[in-house]
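In what follows, a structure is listed as structure tokens, so that the remarks can point back to it.
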Amino acid sequence: YGLLFQQLAEAARGALDQPEEWWAAKRDRIFWRGGRVGGGPRDQQVTALQHMRNSSLADVQYMEWGENRIDGRNSAPGCAGVVEVCKNRYLAFLNGLSYSSRFKYLLLCGSCVFAARLDYIEWWSDLFKPGTDYIELSPDFSDAEAELANVRASRDSGRDIALPGMLKAQRLLSEDAVDCYWHRLVCLAAKHLPPPGAGAETLTPIEDALLLESQRIE
């Protein structure tokens, strides 16, 4: 997380030094890449984005996992790295079937984020407000075209949402802030959890579990 946080902060350095030039350099379109999931509203959301009347305003595609290996040597046609994603002015966040960590990275991009109400809430989620830090859409994204048009037609074309949202994310989701949260959580949890070593005789070492899993995949 720390490395990616620093990469995004470096990529967004021009946001404060030359905000107008920084914003103008971003591609004027809404962008999304992700995998297919069974069930949920994702297909509706992707269809709504792909079938906007001005199709040039959307770069929205499914990606496919060619392989899924434990050693990380995966093939994913259509995949785009986070720093590359940040080069777009508008970014869509689509809920999946379970928790996704992507929302915070999109906020750190300094792009205007469009998202439906989040299905999975983290400790920081309620600190970011729709209409102030990002644009909230209906669950099926049926209002995505109208909301994007409104933002693009505004005086700053969404920069006054993207930039404050990014600065808030840099402050509230910094490495120090995240470490502070986990330290506080562990200290509070320690009052209710068993002491270290309790029940160790019934546990499986993580090294053994990983070795068994790698053998199963091979």
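Note on naming: chains are A, B, ... as they come in the structure tokens, residues start from 1 per chain, ligands start from 1 in the order shown.
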* Running DSSP on the backbone, which parts of chain A land in helix (DSSP H, G or I), as a VMD selection string? -> chain A and resid 2 to 11 14 to 17 19 to 24 42 to 50 55 to 57 82 to 85 102 to 109 125 to 127 144 to 153 159 to 172 175 to 189 200 to 202 206 to 217
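Among the residues of region 8-153 of chain A, backbone DSSP assigns strand (DSSP E or B) to Arg27, Asp28, Arg29, Ile30, Phe31, Trp32, Arg33, Gly34, Ala58, Asp59, Val60, Gln61, Tyr62, Asn88, Arg89, Tyr90, Leu91, Ala92, Phe93, Cys112, Val113, Phe114, Ala115, Ala116, Pro130, Tyr134, Ile135, Glu136 and Leu137 of chain A.
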Please identify every residue of region 85-179 of chain A that has at least one atom no farther than 10 Å from an atom of region 55-61 of chain A, counting only C-alpha atoms, and for each give the shortest atom pair and the distance in Å to one decimal, arranged by chain then increasing number, as JSON lines.
{"residue": "A:Asn88", "atom": "CA", "partner": "A:Asp59", "partner_atom": "CA", "distance": 9.4}
{"residue": "A:Tyr90", "atom": "CA", "partner": "A:Ala58", "partner_atom": "CA", "distance": 9.2}
{"residue": "A:Leu91", "atom": "CA", "partner": "A:Ala58", "partner_atom": "CA", "distance": 9.6}
{"residue": "A:Ala92", "atom": "CA", "partner": "A:Val60", "partner_atom": "CA", "distance": 8.8}
{"residue": "A:Glu145", "atom": "CA", "partner": "A:Leu57", "partner_atom": "CA", "distance": 9.5}
{"residue": "A:Leu148", "atom": "CA", "partner": "A:Leu57", "partner_atom": "CA", "distance": 9.2}
{"residue": "A:Ala149", "atom": "CA", "partner": "A:Leu57", "partner_atom": "CA", "distance": 9.8}
* **Among listed residues A:Leu97, A:Ile161, A:Ala24, A:Val85, nearest Val113 (chain A) (using only C-alpha atoms)** => A:Ile161
Pick out the residues sitting within 8 Å of region 6-23 of chain A, and hand them over as a PDB file with N, CA and C atoms, in the first residue's frame; count only C-alpha atoms, and ignore anything fewer than 5 positions along from it in its own chain.
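Dumped everything to around-v2.pdb:
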ATOM      1  N   VAL A  83      -1.682   3.882 -12.080  1.00  0.00           N
ATOM      2  CA  VAL A  83      -1.131   5.160 -12.524  1.00  0.00           C
ATOM      3  C   VAL A  83      -1.644   5.504 -13.925  1.00  0.00           C
ATOM      4  N   ARG A  89      -9.802  11.794 -16.763  1.00  0.00           N
ATOM      5  CA  ARG A  89     -10.407  12.844 -15.946  1.00  0.00           C
ATOM      6  C   ARG A  89     -11.540  12.313 -15.070  1.00  0.00           C
ATOM      7  N   LEU A 108      -7.407   8.807  -4.749  1.00  0.00           N
ATOM      8  CA  LEU A 108      -6.023   9.282  -4.725  1.00  0.00           C
ATOM      9  C   LEU A 108      -5.521   9.694  -6.101  1.00  0.00           C
ATOM     10  N   CYS A 109      -6.231   9.314  -7.148  1.00  0.00           N
ATOM     11  CA  CYS A 109      -5.834   9.672  -8.512  1.00  0.00           C
ATOM     12  C   CYS A 109      -5.953  11.167  -8.785  1.00  0.00           C
ATOM     13  N   GLY A 110      -6.877  11.825  -8.093  1.00  0.00           N
ATOM     14  CA  GLY A 110      -7.136  13.215  -8.431  1.00  0.00           C
ATOM     15  C   GLY A 110      -8.047  13.349  -9.632  1.00  0.00           C
ATOM     16  N   ARG A 159     -13.108  19.478 -11.658  1.00  0.00           N
ATOM     17  CA  ARG A 159     -11.835  19.592 -10.932  1.00  0.00           C
ATOM     18  C   ARG A 159     -12.060  19.962  -9.470  1.00  0.00           C
ATOM     19  N   LEU A 163     -10.004  17.449  -7.033  1.00  0.00           N
ATOM     20  CA  LEU A 163      -8.830  17.911  -6.293  1.00  0.00           C
ATOM     21  C   LEU A 163      -9.034  17.871  -4.778  1.00  0.00           C
ATOM     22  N   GLN A 170      -5.306  11.921   0.518  1.00  0.00           N
ATOM     23  CA  GLN A 170      -3.886  11.923   0.865  1.00  0.00           C
ATOM     24  C   GLN A 170      -3.676  12.160   2.351  1.00  0.00           C
TER      25      GLN A 170
END
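Between Trp32 (chain A) and the residues A:Lys191, A:Arg152, A:Arg102, A:His183, the shortest atom-to-atom distance, using only C-alpha atoms, involves A:Arg102.
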* May I have the residues within 12 Å of Gln44 (chain A) as a PyMOL selection string, using only C-alpha atoms and disregarding those fewer than 6 positions away in the same chain? => chain A and resi 36-37+50-51+94-95+138-144
* Asked: Which value, in Å to one decimal, gives the distance between CA of Cys86 (chain A) and CA of Phe128 (chain A)?
  -> 18.8 Å
* **Among the residues A:Ala198, A:Leu210, A:Ala116, A:Ala169, the one that comes closest to Lys104 (chain A) [using only C-alpha atoms]** =>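 Among the listed residues, the smallest separation from Lys104 (chain A) belongs to A:Ala169.
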* To do: With a distance cut-off of 10 Å and only C-alpha atoms, select the neighbouring residues of Tyr1 (chain A), excluding the residue or stretch itself and same-chain residues fewer than 2 positions from it, and output the selection as a PyMOL selection string.
  => chain A and resi 3-7+105+174-175+178
Write a file of the selected residues as a short mmCIF file (atom, residue, chain, number, x, y, z; two decimals), in the first residue's frame, keeping C-alpha atoms.
data_model
loop_
_atom_site.label_atom_id
_atom_site.label_comp_id
_atom_site.auth_asym_id
_atom_site.auth_seq_id
_atom_site.Cartn_x
_atom_site.Cartn_y
_atom_site.Cartn_z
CA LEU A 3 4.54 2.08 -2.42
CA LEU A 4 1.35 2.61 -4.42
CA PHE A 5 0.37 5.57 -2.22
CA GLN A 6 3.73 7.21 -2.94
CA GLN A 7 3.44 6.52 -6.68
CA TYR A 105 -7.06 4.45 -5.07
CA SER A 174 -1.70 8.34 4.43
CA GLU A 175 0.57 5.57 5.68
CA VAL A 178 -3.58 3.87 8.31
#
* At what distance in Å, to one decimal, does CA of Pro130 (chain A) lie from CA of Leu118 (chain A)? ->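 These two atoms are separated by 10.9 Å.
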